[in-house]
file structure_24.cif (mmCIF, C-alpha atoms (C1' of nucleotides))
data_query
loop_
_atom_site.label_atom_id
_atom_site.label_comp_id
_atom_site.auth_asym_id
_atom_site.auth_seq_id
_atom_site.Cartn_x
_atom_site.Cartn_y
_atom_site.Cartn_z
CA MET W 1 -19.38 5.32 -14.08
CA LYS W 2 -16.65 2.94 -12.97
CA LEU W 3 -14.22 3.76 -10.19
CA ALA W 4 -11.31 1.75 -8.88
CA THR W 5 -8.65 1.76 -6.22
CA TRP W 6 -5.30 -0.02 -6.28
CA ASN W 7 -2.32 0.00 -3.99
CA VAL W 8 0.41 -0.52 -6.59
CA ASN W 9 3.36 -0.71 -4.17
CA SER W 10 5.71 1.41 -6.30
CA LEU W 11 4.33 2.93 -9.47
CA SER W 12 7.71 2.84 -11.18
CA VAL W 13 7.76 -0.94 -10.81
CA ARG W 14 4.06 -1.44 -11.51
CA LEU W 15 3.39 1.06 -14.31
CA PRO W 16 3.37 -1.61 -17.06
CA GLN W 17 0.87 -3.68 -15.05
CA LEU W 18 -1.28 -0.64 -14.37
CA LEU W 19 -1.38 0.28 -18.06
CA ALA W 20 -2.20 -3.31 -19.03
CA TRP W 21 -4.95 -3.46 -16.43
CA LEU W 22 -6.47 -0.15 -17.52
CA ALA W 23 -6.43 -1.29 -21.14
CA GLU W 24 -8.41 -4.37 -20.16
CA HIS W 25 -10.60 -2.67 -17.56
CA PRO W 26 -11.32 0.87 -18.68
CA VAL W 27 -12.51 2.81 -15.66
CA ASP W 28 -13.57 6.44 -15.48
CA ALA W 29 -11.27 7.04 -12.55
CA ILE W 30 -8.82 5.17 -10.37
CA VAL W 31 -6.99 6.14 -7.22
CA LEU W 32 -3.55 4.73 -6.53
CA GLN W 33 -1.66 4.27 -3.31
CA GLU W 34 2.00 3.72 -2.51
CA THR W 35 3.27 5.30 -5.70
CA LYS W 36 6.56 5.92 -3.82
CA LEU W 37 7.51 8.66 -6.27
CA THR W 38 8.45 12.26 -5.83
CA ASP W 39 6.25 14.55 -7.89
CA ASP W 40 8.92 15.17 -10.53
CA LYS W 41 9.12 11.44 -11.28
CA PHE W 42 5.39 10.83 -11.75
CA PRO W 43 4.74 9.15 -15.14
CA HIS W 44 1.97 11.53 -16.24
CA ALA W 45 2.94 11.42 -19.92
CA GLU W 46 2.59 7.63 -20.12
CA LEU W 47 -0.77 7.81 -18.37
CA GLU W 48 -1.92 10.66 -20.58
CA ALA W 49 -1.03 8.56 -23.62
CA ALA W 50 -3.24 5.81 -22.19
CA GLY W 51 -6.12 8.28 -21.93
CA TYR W 52 -5.90 9.29 -18.28
CA ARG W 53 -5.42 12.74 -16.80
CA ALA W 54 -3.56 12.57 -13.54
CA GLN W 55 -3.34 14.44 -10.29
CA TRP W 56 -0.62 13.22 -7.96
CA PHE W 57 1.01 13.82 -4.65
CA GLY W 58 4.02 11.86 -3.58
CA GLN W 59 7.27 11.56 -1.74
CA ARG W 60 10.41 9.47 -1.85
CA THR W 61 10.35 5.80 -0.77
CA TYR W 62 7.04 5.79 1.11
CA ASN W 63 3.37 6.57 0.56
CA GLY W 64 2.29 8.67 -2.42
CA VAL W 65 -1.18 8.79 -3.97
CA ALA W 66 -2.73 9.70 -7.32
CA LEU W 67 -6.09 10.26 -8.95
CA LEU W 68 -6.38 9.27 -12.61
CA SER W 69 -9.46 10.09 -14.63
CA ARG W 70 -10.60 10.04 -18.25
CA THR W 71 -12.05 13.53 -17.92
CA ASP W 72 -10.49 16.37 -16.00
CA SER W 73 -10.87 16.34 -12.24
CA ALA W 74 -11.60 19.54 -10.33
CA ASP W 75 -11.14 21.02 -6.86
CA ILE W 76 -8.10 18.90 -6.05
CA VAL W 77 -7.17 18.56 -2.39
CA ARG W 78 -3.92 17.01 -1.22
CA ASN W 79 -3.85 15.51 2.27
CA ILE W 80 -6.29 16.43 5.02
CA PRO W 81 -6.76 20.20 5.30
CA GLY W 82 -5.73 21.49 8.72
CA PHE W 83 -3.90 18.26 9.62
CA ASP W 84 -0.19 18.82 9.47
CA ASP W 85 1.27 15.71 7.86
CA GLU W 86 4.63 15.02 6.25
CA GLN W 87 3.25 11.87 4.63
CA ALA W 88 1.47 11.96 1.26
CA ARG W 89 -1.68 9.93 1.89
CA VAL W 90 -4.76 11.62 0.46
CA ILE W 91 -5.82 13.03 -2.88
CA ALA W 92 -9.34 14.19 -3.63
CA GLY W 93 -11.03 15.58 -6.71
CA THR W 94 -14.41 15.90 -8.34
CA VAL W 95 -14.95 13.67 -11.38
CA GLY W 96 -18.21 13.56 -13.32
CA GLY W 97 -20.12 15.19 -10.48
CA ILE W 98 -18.79 12.73 -7.88
CA ARG W 99 -16.46 13.76 -5.08
CA VAL W 100 -13.70 11.14 -5.12
CA ILE W 101 -11.40 10.84 -2.10
CA GLY W 102 -8.50 8.44 -2.52
CA ALA W 103 -6.66 7.56 0.66
CA TYR W 104 -3.74 5.51 1.87
CA PHE W 105 -4.50 4.98 5.53
CA PRO W 106 -1.50 4.59 7.84
CA ASN W 107 -0.44 1.01 8.45
CA GLY W 108 0.02 1.50 12.18
CA GLN W 109 2.71 -1.18 12.48
CA ALA W 110 1.68 -2.51 15.93
CA PRO W 111 -0.95 -1.52 18.49
CA ASP W 112 1.67 -0.44 21.03
CA SER W 113 3.72 1.66 18.59
CA GLU W 114 4.02 5.38 17.94
CA LYS W 115 2.80 4.67 14.42
CA PHE W 116 -0.45 3.39 15.87
CA VAL W 117 -0.89 6.65 17.77
CA TYR W 118 -0.36 8.51 14.49
CA LYS W 119 -2.87 6.22 12.77
CA MET W 120 -5.52 7.11 15.35
CA ARG W 121 -4.82 10.84 15.05
CA TRP W 122 -4.92 10.57 11.28
CA LEU W 123 -8.23 8.69 11.39
CA ASP W 124 -9.74 11.34 13.69
CA ALA W 125 -8.67 14.07 11.28
CA LEU W 126 -9.87 12.15 8.24
CA ARG W 127 -13.32 11.57 9.75
CA ALA W 128 -13.76 15.24 10.65
CA TRP W 129 -12.75 16.35 7.18
CA VAL W 130 -14.78 13.72 5.30
CA GLY W 131 -17.78 14.87 7.33
CA SER W 132 -17.39 18.38 6.01
CA GLU W 133 -16.77 17.09 2.47
CA LEU W 134 -19.99 15.09 2.67
CA ALA W 135 -21.92 18.16 3.68
CA ALA W 136 -20.53 20.01 0.66
CA HIS W 137 -20.69 17.06 -1.76
CA PRO W 138 -23.51 14.59 -1.02
CA ARG W 139 -22.37 12.40 -3.91
CA LEU W 140 -19.09 11.17 -2.47
CA VAL W 141 -16.87 8.09 -2.65
CA LEU W 142 -14.05 7.43 -0.18
CA LEU W 143 -11.83 4.62 -1.39
CA GLY W 144 -8.34 3.29 -0.97
CA ASP W 145 -6.11 1.14 1.17
CA PHE W 146 -7.76 1.46 4.57
CA ASN W 147 -5.29 -0.79 6.39
CA ILE W 148 -8.25 -1.91 8.49
CA ALA W 149 -10.06 -5.23 8.16
CA PRO W 150 -13.52 -4.11 9.27
CA GLU W 151 -14.88 -7.45 10.47
CA ASP W 152 -13.75 -10.99 11.17
CA ARG W 153 -15.12 -12.13 7.82
CA ASP W 154 -12.52 -9.83 6.23
CA VAL W 155 -9.67 -11.86 7.75
CA TYR W 156 -8.50 -15.35 6.72
CA ASP W 157 -7.70 -16.33 10.30
CA PRO W 158 -9.58 -14.04 12.69
CA VAL W 159 -8.38 -15.94 15.76
CA ALA W 160 -4.71 -15.53 14.88
CA TRP W 161 -5.27 -11.88 13.91
CA ALA W 162 -7.39 -10.91 16.91
CA GLY W 163 -5.95 -7.72 18.38
CA GLN W 164 -3.23 -7.56 15.72
CA ILE W 165 -2.66 -4.53 13.54
CA HIS W 166 -5.53 -4.02 11.02
CA CYS W 167 -7.86 -5.91 13.37
CA THR W 168 -7.71 -4.10 16.71
CA PRO W 169 -10.95 -2.97 18.35
CA GLU W 170 -9.69 0.63 18.11
CA GLU W 171 -9.22 0.45 14.33
CA ARG W 172 -12.56 -1.28 13.82
CA GLU W 173 -14.26 1.35 15.95
CA GLN W 174 -12.67 4.03 13.77
CA PHE W 175 -14.03 2.28 10.71
CA ARG W 176 -17.53 2.15 12.21
CA ARG W 177 -17.37 5.85 13.09
CA LEU W 178 -16.29 6.66 9.53
CA VAL W 179 -19.20 4.65 8.14
CA GLY W 180 -21.38 6.39 10.74
CA LEU W 181 -20.94 9.66 8.85
CA GLY W 182 -23.43 8.19 6.38
CA LEU W 183 -21.29 5.92 4.23
CA HIS W 184 -21.77 2.37 2.97
CA ASP W 185 -19.23 -0.36 2.29
CA ALA W 186 -19.98 -0.93 -1.42
CA PHE W 187 -18.52 -4.44 -1.39
CA ARG W 188 -21.00 -5.53 1.27
CA LEU W 189 -24.01 -4.22 -0.62
CA PHE W 190 -23.78 -7.44 -2.62
CA GLU W 191 -23.44 -11.11 -1.97
CA GLN W 192 -19.76 -11.94 -2.29
CA PRO W 193 -17.72 -15.11 -2.42
CA PRO W 194 -16.53 -16.12 1.03
CA LYS W 195 -12.84 -15.55 1.71
CA SER W 196 -12.67 -12.44 -0.45
CA TRP W 197 -9.45 -10.57 0.22
CA SER W 198 -7.76 -7.58 -1.37
CA TRP W 199 -4.28 -8.07 0.12
CA TRP W 200 -2.05 -11.08 0.57
CA ASP W 201 1.33 -10.91 2.26
CA TYR W 202 4.24 -11.53 -0.06
CA ARG W 203 5.56 -13.98 2.50
CA ASN W 204 4.48 -17.48 3.42
CA LEU W 205 2.98 -18.29 0.01
CA ALA W 206 -0.01 -16.34 1.26
CA PHE W 207 -1.62 -15.78 -2.11
CA ARG W 208 -1.32 -19.41 -3.14
CA LYS W 209 -2.94 -20.40 0.15
CA ASN W 210 -5.48 -17.55 -0.11
CA GLN W 211 -4.43 -16.15 3.25
CA GLY W 212 -5.35 -12.50 3.02
CA LEU W 213 -7.26 -9.57 4.37
CA ARG W 214 -9.87 -7.27 2.87
CA ILE W 215 -8.35 -3.89 3.63
CA ASP W 216 -8.92 -2.09 0.30
CA ILE W 217 -12.35 -0.60 0.58
CA VAL W 218 -14.86 1.60 -1.24
CA LEU W 219 -17.30 3.64 0.84
CA VAL W 220 -20.16 5.41 -0.92
CA SER W 221 -22.41 8.12 0.44
CA GLU W 222 -26.11 7.67 1.12
CA ALA W 223 -26.94 9.62 -2.04
CA LEU W 224 -24.97 7.12 -4.13
CA LYS W 225 -25.94 3.92 -2.36
CA GLY W 226 -28.87 3.21 -4.62
CA ARG W 227 -26.76 3.75 -7.71
CA VAL W 228 -24.12 1.14 -6.91
CA GLY W 229 -24.54 -1.62 -9.47
CA ALA W 230 -21.57 -3.80 -8.55
CA CYS W 231 -18.41 -3.94 -6.48
CA SER W 232 -15.71 -6.53 -6.88
CA ILE W 233 -12.10 -7.34 -6.18
CA ASP W 234 -10.03 -8.28 -9.22
CA LYS W 235 -7.43 -10.71 -7.97
CA THR W 236 -6.04 -11.56 -11.40
CA PRO W 237 -3.21 -8.94 -11.26
CA ARG W 238 -2.02 -10.62 -8.06
CA LYS W 239 -1.12 -13.60 -10.29
CA ASN W 240 1.22 -11.48 -12.41
CA GLU W 241 4.95 -11.81 -12.27
CA ARG W 242 6.20 -9.25 -9.75
CA PRO W 243 2.71 -8.37 -8.56
CA SER W 244 1.66 -5.75 -6.10
CA ASP W 245 0.63 -7.35 -2.83
CA HIS W 246 -2.78 -5.67 -3.26
CA ALA W 247 -5.54 -6.30 -5.79
CA PRO W 248 -7.63 -3.54 -7.39
CA VAL W 249 -11.21 -3.01 -6.24
CA VAL W 250 -13.79 -1.77 -8.75
CA VAL W 251 -17.19 -0.17 -8.17
CA GLU W 252 -19.87 0.61 -10.76
CA LEU W 253 -22.23 3.53 -10.34
CA ALA W 254 -25.32 3.99 -12.48
CA ASP W 255 -25.58 7.37 -14.20
"C1'" DA Z 1 9.58 -22.00 7.57
"C1'" DT Z 2 10.26 -15.26 9.55
"C1'" DG Z 3 9.01 -19.06 2.82
"C1'" DT Z 4 8.79 -11.39 0.16
"C1'" DC Z 5 9.34 -7.09 -2.01
"C1'" DA Z 6 10.83 -2.22 -2.67
"C1'" DC Z 7 13.90 1.18 -1.55
"C1'" DC Z 8 17.39 3.33 1.04
"C1'" DT Z 9 22.38 3.79 2.65
"C1'" DG Z 10 26.54 2.67 1.66
"C1'" DG Z 11 28.73 -0.64 -0.20
"C1'" DT Z 12 29.72 -6.05 -2.49
"C1'" DA Z 13 25.27 -6.41 2.68
"C1'" DG Z 14 22.09 -4.59 6.07
"C1'" DG Z 15 18.13 -1.81 7.68
"C1'" DT Z 16 13.27 -0.26 7.33
"C1'" DG Z 17 8.53 -0.49 6.25
"C1'" DA Z 18 4.90 -2.98 4.65
#
call {"tool": "encode", "arguments": {"input": "structure_24.cif", "output": "C-alpha coordinates"}}
result
Amino acid sequence: MKLATWNVNSLSVRLPQLLAWLAEHPVDAIVLQETKLTDDKFPHAELEAAGYRAQWFGQRTYNGVALLSRTDSADIVRNIPGFDDEQARVIAGTVGGIRVIGAYFPNGQAPDSEKFVYKMRWLDALRAWVGSELAAHPRLVLLGDFNIAPEDRDVYDPVAWAGQIHCTPEEREQFRRLVGLGLHDAFRLFEQPPKSWSWWDYRNLAFRKNQGLRIDIVLVSEALKGRVGACSIDKTPRKNERPSDHAPVVVELAD
DNA sequence: ATGTCACCTGGTAGGTGA
(Lines of atoms letter the chains of each structure in order from A and count residues from 1; the text may use other names and numbers.)
(Lines give C-alpha, C1' and ligand atoms only; values in the text may rest on other atoms or scores of the structure.)
Protein backbone atom coordinates (compact mmCIF):
# COMPACT_ATOMS: atom_id res chain seq x y z
CA MET A 1 0.00 0.00 0.00
CA LYS A 2 1.30 3.42 -0.97
CA LEU A 3 0.30 6.58 0.87
CA ALA A 4 1.25 10.16 0.15
CA THR A 5 0.85 13.67 1.48
CA TRP A 6 1.08 16.92 -0.46
CA ASN A 7 0.45 20.51 0.45
CA VAL A 8 -0.82 21.75 -2.92
CA ASN A 9 -1.21 25.43 -1.99
CA SER A 10 -4.55 25.89 -3.78
CA LEU A 11 -6.14 22.86 -5.37
CA SER A 12 -7.83 24.95 -8.05
CA VAL A 13 -4.41 26.10 -9.26
CA ARG A 14 -2.68 22.76 -8.74
CA LEU A 15 -5.32 20.26 -9.89
CA PRO A 16 -3.64 19.62 -13.28
CA GLN A 17 -0.33 18.96 -11.52
CA LEU A 18 -1.99 16.70 -8.98
CA LEU A 19 -3.68 14.65 -11.71
CA ALA A 20 -0.43 14.40 -13.66
CA TRP A 21 1.45 13.32 -10.56
CA LEU A 22 -1.15 10.70 -9.62
CA ALA A 23 -1.06 9.32 -13.17
CA GLU A 24 2.68 8.87 -12.86
CA HIS A 25 2.71 7.80 -9.21
CA PRO A 26 -0.41 5.79 -8.50
CA VAL A 27 -0.90 5.71 -4.75
CA ASP A 28 -3.65 4.00 -2.78
CA ALA A 29 -4.36 7.17 -0.86
CA ILE A 30 -3.13 10.73 -0.63
CA VAL A 31 -3.93 13.52 1.79
CA LEU A 32 -3.87 17.11 0.60
CA GLN A 33 -3.41 20.34 2.49
CA GLU A 34 -4.18 23.95 1.66
CA THR A 35 -6.87 23.14 -0.87
CA LYS A 36 -8.25 26.65 -0.18
CA LEU A 37 -11.66 25.63 -1.51
CA THR A 38 -15.11 25.75 -0.03
CA ASP A 39 -16.77 22.34 -0.10
CA ASP A 40 -19.04 23.22 -3.02
CA LYS A 41 -16.01 23.96 -5.21
CA PHE A 42 -14.11 20.74 -4.54
CA PRO A 43 -13.21 19.01 -7.86
CA HIS A 44 -14.49 15.56 -6.86
CA ALA A 45 -15.70 14.68 -10.38
CA GLU A 46 -12.26 15.23 -11.92
CA LEU A 47 -10.65 13.16 -9.19
CA GLU A 48 -13.26 10.44 -9.52
CA ALA A 49 -12.52 10.30 -13.25
CA ALA A 50 -8.86 9.77 -12.35
CA GLY A 51 -9.84 6.84 -10.13
CA TYR A 52 -9.91 8.48 -6.72
CA ARG A 53 -12.77 8.73 -4.26
CA ALA A 54 -12.54 11.88 -2.22
CA GLN A 55 -13.47 13.12 1.20
CA TRP A 56 -12.89 16.81 1.73
CA PHE A 57 -13.24 19.60 4.20
CA GLY A 58 -12.44 23.14 3.28
CA GLN A 59 -13.00 26.83 3.57
CA ARG A 60 -12.42 29.96 1.55
CA THR A 61 -8.88 31.33 1.02
CA TYR A 62 -7.10 29.40 3.78
CA ASN A 63 -6.47 25.84 4.91
CA GLY A 64 -8.64 23.01 3.60
CA VAL A 65 -7.76 19.31 3.55
CA ALA A 66 -8.78 16.20 1.62
CA LEU A 67 -8.35 12.45 1.64
CA LEU A 68 -8.28 10.73 -1.75
CA SER A 69 -8.28 6.97 -2.06
CA ARG A 70 -8.70 4.32 -4.74
CA THR A 71 -11.12 2.39 -2.57
CA ASP A 72 -13.77 3.90 -0.36
CA SER A 73 -12.65 5.35 2.95
CA ALA A 74 -14.71 4.83 6.10
CA ASP A 75 -15.33 6.48 9.46
CA ILE A 76 -14.46 9.96 8.25
CA VAL A 77 -13.62 12.54 10.88
CA ARG A 78 -13.24 16.23 10.11
CA ASN A 79 -11.08 18.30 12.45
CA ILE A 80 -10.24 17.29 16.00
CA PRO A 81 -13.31 16.08 17.91
CA GLY A 82 -14.00 18.24 20.95
CA PHE A 83 -11.65 21.01 19.79
CA ASP A 84 -13.66 23.95 18.58
CA ASP A 85 -11.88 25.21 15.47
CA GLU A 86 -13.01 27.48 12.65
CA GLN A 87 -10.09 26.33 10.51
CA ALA A 88 -10.30 23.22 8.31
CA ARG A 89 -7.10 21.35 9.15
CA VAL A 90 -7.73 17.65 9.69
CA ILE A 91 -9.39 14.83 7.79
CA ALA A 92 -9.21 11.21 8.86
CA GLY A 93 -10.53 7.99 7.39
CA THR A 94 -9.89 4.28 7.32
CA VAL A 95 -8.46 2.96 4.05
CA GLY A 96 -7.56 -0.69 3.51
CA GLY A 97 -7.53 -1.38 7.24
CA ILE A 98 -5.24 1.57 8.00
CA ARG A 99 -6.37 4.60 9.96
CA VAL A 100 -5.16 7.57 7.91
CA ILE A 101 -5.05 11.01 9.54
CA GLY A 102 -4.19 13.86 7.22
CA ALA A 103 -3.35 17.14 8.92
CA TYR A 104 -2.38 20.69 8.10
CA PHE A 105 -0.70 21.88 11.26
CA PRO A 106 -0.96 25.61 12.01
CA ASN A 107 1.93 27.69 10.72
CA GLY A 108 2.24 29.69 13.92
CA GLN A 109 3.62 32.79 12.16
CA ALA A 110 6.06 33.86 14.92
CA PRO A 111 6.87 32.57 18.41
CA ASP A 112 5.51 35.72 20.08
CA SER A 113 2.24 35.79 18.12
CA GLU A 114 -1.34 34.82 18.93
CA LYS A 115 -1.10 32.32 16.10
CA PHE A 116 1.69 30.55 17.97
CA VAL A 117 -0.55 30.26 21.03
CA TYR A 118 -3.22 28.72 18.80
CA LYS A 119 -0.63 26.36 17.31
CA MET A 120 0.28 25.09 20.78
CA ARG A 121 -3.38 24.62 21.77
CA TRP A 122 -4.04 22.83 18.50
CA LEU A 123 -1.04 20.54 19.01
CA ASP A 124 -2.20 19.68 22.54
CA ALA A 125 -5.64 18.78 21.21
CA LEU A 126 -4.23 16.82 18.30
CA ARG A 127 -1.98 14.75 20.55
CA ALA A 128 -4.82 13.89 22.93
CA TRP A 129 -7.07 12.84 20.07
CA VAL A 130 -4.40 10.89 18.15
CA GLY A 131 -3.73 9.01 21.38
CA SER A 132 -7.31 7.86 21.52
CA GLU A 133 -7.30 7.04 17.79
CA LEU A 134 -4.21 4.90 18.29
CA ALA A 135 -5.91 2.98 21.05
CA ALA A 136 -8.84 2.28 18.74
CA HIS A 137 -6.78 1.75 15.57
CA PRO A 138 -3.30 0.32 16.21
CA ARG A 139 -2.53 0.47 12.49
CA LEU A 140 -2.38 4.23 12.07
CA VAL A 141 -0.59 6.79 9.91
CA LEU A 142 -0.50 10.51 10.75
CA LEU A 143 0.79 12.52 7.82
CA GLY A 144 0.69 16.00 6.42
CA ASP A 145 2.24 19.43 6.61
CA PHE A 146 3.46 19.54 10.19
CA ASN A 147 4.92 23.05 9.97
CA ILE A 148 7.61 21.80 12.34
CA ALA A 149 11.18 20.94 11.38
CA PRO A 150 11.84 18.24 13.99
CA GLU A 151 15.63 18.47 14.15
CA ASP A 152 18.48 20.65 12.95
CA ARG A 153 19.19 18.19 10.13
CA ASP A 154 15.74 19.09 8.78
CA VAL A 155 16.78 22.72 8.27
CA TYR A 156 19.14 24.09 5.60
CA ASP A 157 20.58 26.70 7.96
CA PRO A 158 19.91 25.65 11.55
CA VAL A 159 21.87 28.57 12.98
CA ALA A 160 19.83 31.18 11.11
CA TRP A 161 16.59 29.34 11.93
CA ALA A 162 17.32 28.70 15.60
CA GLY A 163 14.31 29.82 17.61
CA GLN A 164 12.42 30.85 14.46
CA ILE A 165 8.98 29.55 13.62
CA HIS A 166 9.02 25.81 12.70
CA CYS A 167 12.21 25.41 14.75
CA THR A 168 11.38 26.65 18.25
CA PRO A 169 12.08 24.39 21.23
CA GLU A 170 8.34 24.45 22.01
CA GLU A 171 7.37 23.12 18.58
CA ARG A 172 10.09 20.49 18.63
CA GLU A 173 8.98 19.39 22.08
CA GLN A 174 5.43 19.05 20.74
CA PHE A 175 6.76 16.90 17.93
CA ARG A 176 8.63 14.67 20.38
CA ARG A 177 5.52 14.30 22.53
CA LEU A 178 3.48 13.34 19.46
CA VAL A 179 6.07 10.73 18.51
CA GLY A 180 6.04 9.66 22.16
CA LEU A 181 2.51 8.34 21.71
CA GLY A 182 4.18 5.43 19.91
CA LEU A 183 4.80 6.81 16.43
CA HIS A 184 7.81 6.69 14.13
CA ASP A 185 9.04 9.20 11.57
CA ALA A 186 8.92 6.97 8.46
CA PHE A 187 11.44 9.10 6.57
CA ARG A 188 14.06 8.51 9.27
CA LEU A 189 13.62 4.74 9.25
CA PHE A 190 15.87 4.80 6.19
CA GLU A 191 19.15 6.30 5.16
CA GLN A 192 18.34 9.48 3.27
CA PRO A 193 20.30 11.93 1.18
CA PRO A 194 21.59 14.81 3.28
CA LYS A 195 19.79 18.12 2.80
CA SER A 196 16.44 16.48 2.14
CA TRP A 197 13.68 19.06 2.32
CA SER A 198 9.96 19.01 1.56
CA TRP A 199 9.39 22.78 1.41
CA TRP A 200 11.28 25.63 -0.19
CA ASP A 201 10.21 29.24 0.12
CA TYR A 202 9.02 30.78 -3.12
CA ARG A 203 11.31 33.70 -2.38
CA ASN A 204 15.06 34.09 -2.62
CA LEU A 205 15.52 31.41 -5.30
CA ALA A 206 15.29 28.99 -2.41
CA PHE A 207 14.59 25.90 -4.48
CA ARG A 208 17.42 26.58 -6.90
CA LYS A 209 19.75 26.98 -3.94
CA ASN A 210 18.18 24.01 -2.13
CA GLN A 211 17.37 26.12 0.90
CA GLY A 212 14.45 24.33 2.48
CA LEU A 213 12.96 22.61 5.46
CA ARG A 214 11.58 19.13 6.02
CA ILE A 215 8.19 19.93 7.48
CA ASP A 216 5.99 17.44 5.57
CA ILE A 217 6.10 14.30 7.60
CA VAL A 218 4.70 10.77 7.81
CA LEU A 219 4.38 9.17 11.25
CA VAL A 220 3.52 5.48 11.47
CA SER A 221 2.35 3.54 14.49
CA GLU A 222 4.39 0.82 16.18
CA ALA A 223 2.21 -1.84 14.58
CA LEU A 224 3.10 -0.52 11.11
CA LYS A 225 6.76 0.28 11.68
CA GLY A 226 7.99 -3.10 10.51
CA ARG A 227 5.90 -2.88 7.38
CA VAL A 228 7.35 0.37 6.08
CA GLY A 229 9.33 -0.49 2.97
CA ALA A 230 10.30 3.00 1.84
CA CYS A 231 9.69 6.68 2.42
CA SER A 232 10.81 9.42 0.10
CA ILE A 233 10.27 13.02 -0.89
CA ASP A 234 9.52 13.58 -4.58
CA LYS A 235 10.95 16.97 -5.39
CA THR A 236 10.29 16.76 -9.13
CA PRO A 237 6.89 18.57 -8.96
CA ARG A 238 8.70 21.50 -7.33
CA LYS A 239 10.42 21.96 -10.73
CA ASN A 240 7.09 22.42 -12.50
CA GLU A 241 5.94 25.74 -13.82
CA ARG A 242 3.81 27.34 -11.11
CA PRO A 243 4.71 24.72 -8.53
CA SER A 244 3.43 24.33 -5.03
CA ASP A 245 6.07 25.39 -2.53
CA HIS A 246 5.83 21.88 -1.04
CA ALA A 247 6.85 18.50 -2.46
CA PRO A 248 4.84 15.29 -1.98
CA VAL A 249 6.08 12.67 0.46
CA VAL A 250 5.38 9.00 -0.27
CA VAL A 251 5.45 5.98 2.06
CA GLU A 252 5.18 2.31 1.11
CA LEU A 253 3.64 -0.22 3.47
CA ALA A 254 3.92 -3.95 2.92
CA ASP A 255 0.60 -5.82 2.89
C1' DA B 1 18.06 41.48 -2.69
C1' DT B 2 12.33 41.31 1.43
C1' DG B 3 14.50 38.04 -5.34
C1' DT B 4 7.15 34.71 -4.47
C1' DC B 5 2.59 33.09 -4.80
C1' DA B 6 -2.47 32.84 -3.94
C1' DC B 7 -6.41 35.12 -2.73
C1' DC B 8 -9.04 38.76 -0.90
C1' DT B 9 -11.03 43.63 -1.11
C1' DG B 10 -11.93 46.98 -3.86
C1' DG B 11 -10.34 48.78 -7.52
C1' DT B 12 -6.52 49.89 -11.96
C1' DA B 13 -3.15 48.63 -6.15
C1' DG B 14 -2.65 47.06 -1.44
C1' DG B 15 -3.13 43.77 2.43
C1' DT B 16 -2.67 39.10 4.46
C1' DG B 17 -0.85 34.64 5.11
C1' DA B 18 2.38 31.43 4.04
call {"tool": "closest_atom_pairs", "arguments": {"input": "structure_24.cif", "of": "chain W", "to": "chain Z", "cutoff": "7 Å", "atoms": "all atoms listed in the file", "output": "tab-separated table"}}
result
residue	atom	partner	partner_atom	distance
W:Thr61	CA	Z:DC7	C1'	5.9
W:Tyr202	CA	Z:DT4	C1'	4.6
W:Arg203	CA	Z:DT4	C1'	4.8
W:Asn204	CA	Z:DG3	C1'	4.8
W:Leu205	CA	Z:DG3	C1'	6.7
call {"tool": "atom_distance", "arguments": {"input": "structure_24.cif", "atom1": "CA of Val90 in chain W", "atom2": "CA of Asn63 in chain W"}}
result
9.6 Å
call {"tool": "closest_residue", "arguments": {"input": "structure_24.cif", "among": "W:Met120, W:Val249, W:Leu181, W:Val95", "to": "Ser198 in chain W", "atoms": "all atoms listed in the file"}}
result
W:Val249
call {"tool": "atom_distance", "arguments": {"input": "structure_24.cif", "atom1": "CA of Arg177 in chain W", "atom2": "CA of Leu213 in chain W"}}
result
20.4 Å
call {"tool": "resolve_selection", "arguments": {"input": "structure_24.cif", "expression": "the PyMOL selection byres ((chain W and resi 254) around 12)", "output": "PyMOL selection string"}}
result
chain W and resi 1-3+96+98+223-230+251-253+255
call {"tool": "atom_distance", "arguments": {"input": "structure_24.cif", "atom1": "CA of Asp40 in chain W", "atom2": "CA of Leu126 in chain W"}}
result
26.7 Å
call {"tool": "closest_residue", "arguments": {"input": "structure_24.cif", "among": "W:Ala128, W:Val8, W:Ala186, W:Cys231", "to": "Gln33 in chain W", "atoms": "all atoms listed in the file"}}
result
W:Val8
call {"tool": "residues_around", "arguments": {"input": "structure_24.cif", "residues": "range 233-245 of chain W", "least_positions_apart": "5", "cutoff": "10 Å", "atoms": "only C-alpha atoms (C1' of nucleotides)", "output": "count of residues only"}}
result
36
call {"tool": "resolve_selection", "arguments": {"input": "structure_24.cif", "expression": "the PyMOL selection byres ((chain W and resi 86) around 12)", "output": "short mmCIF file (atom, residue, chain, number, x, y, z; two decimals) with C-alpha atoms, in the coordinates of the input"}}
result
data_model
loop_
_atom_site.label_atom_id
_atom_site.label_comp_id
_atom_site.auth_asym_id
_atom_site.auth_seq_id
_atom_site.Cartn_x
_atom_site.Cartn_y
_atom_site.Cartn_z
CA PHE W 57 1.01 13.82 -4.65
CA GLY W 58 4.02 11.86 -3.58
CA GLN W 59 7.27 11.56 -1.74
CA ARG W 60 10.41 9.47 -1.85
CA TYR W 62 7.04 5.79 1.11
CA ASN W 63 3.37 6.57 0.56
CA GLY W 64 2.29 8.67 -2.42
CA ARG W 78 -3.92 17.01 -1.22
CA ASN W 79 -3.85 15.51 2.27
CA ILE W 80 -6.29 16.43 5.02
CA PHE W 83 -3.90 18.26 9.62
CA ASP W 84 -0.19 18.82 9.47
CA ASP W 85 1.27 15.71 7.86
CA GLN W 87 3.25 11.87 4.63
CA ALA W 88 1.47 11.96 1.26
CA ARG W 89 -1.68 9.93 1.89
CA VAL W 90 -4.76 11.62 0.46
CA TYR W 118 -0.36 8.51 14.49
CA TRP W 122 -4.92 10.57 11.28
#
call {"tool": "resolve_selection", "arguments": {"input": "structure_24.cif", "expression": "the PyMOL selection byres ((chain W and resi 52) around 12)", "output": "PyMOL selection string"}}
result
chain W and resi 18-19+22-23+26-31+43-51+53-55+66-73
call {"tool": "residues_around", "arguments": {"input": "structure_24.cif", "residues": "range 149-157 of chain W", "least_positions_apart": "5", "cutoff": "9 Å", "atoms": "all atoms listed in the file", "output": "NGL selection string"}}
result
:W and (162 or 166-168 or 171-173 or 175-176 or 194-197 or 210-216)
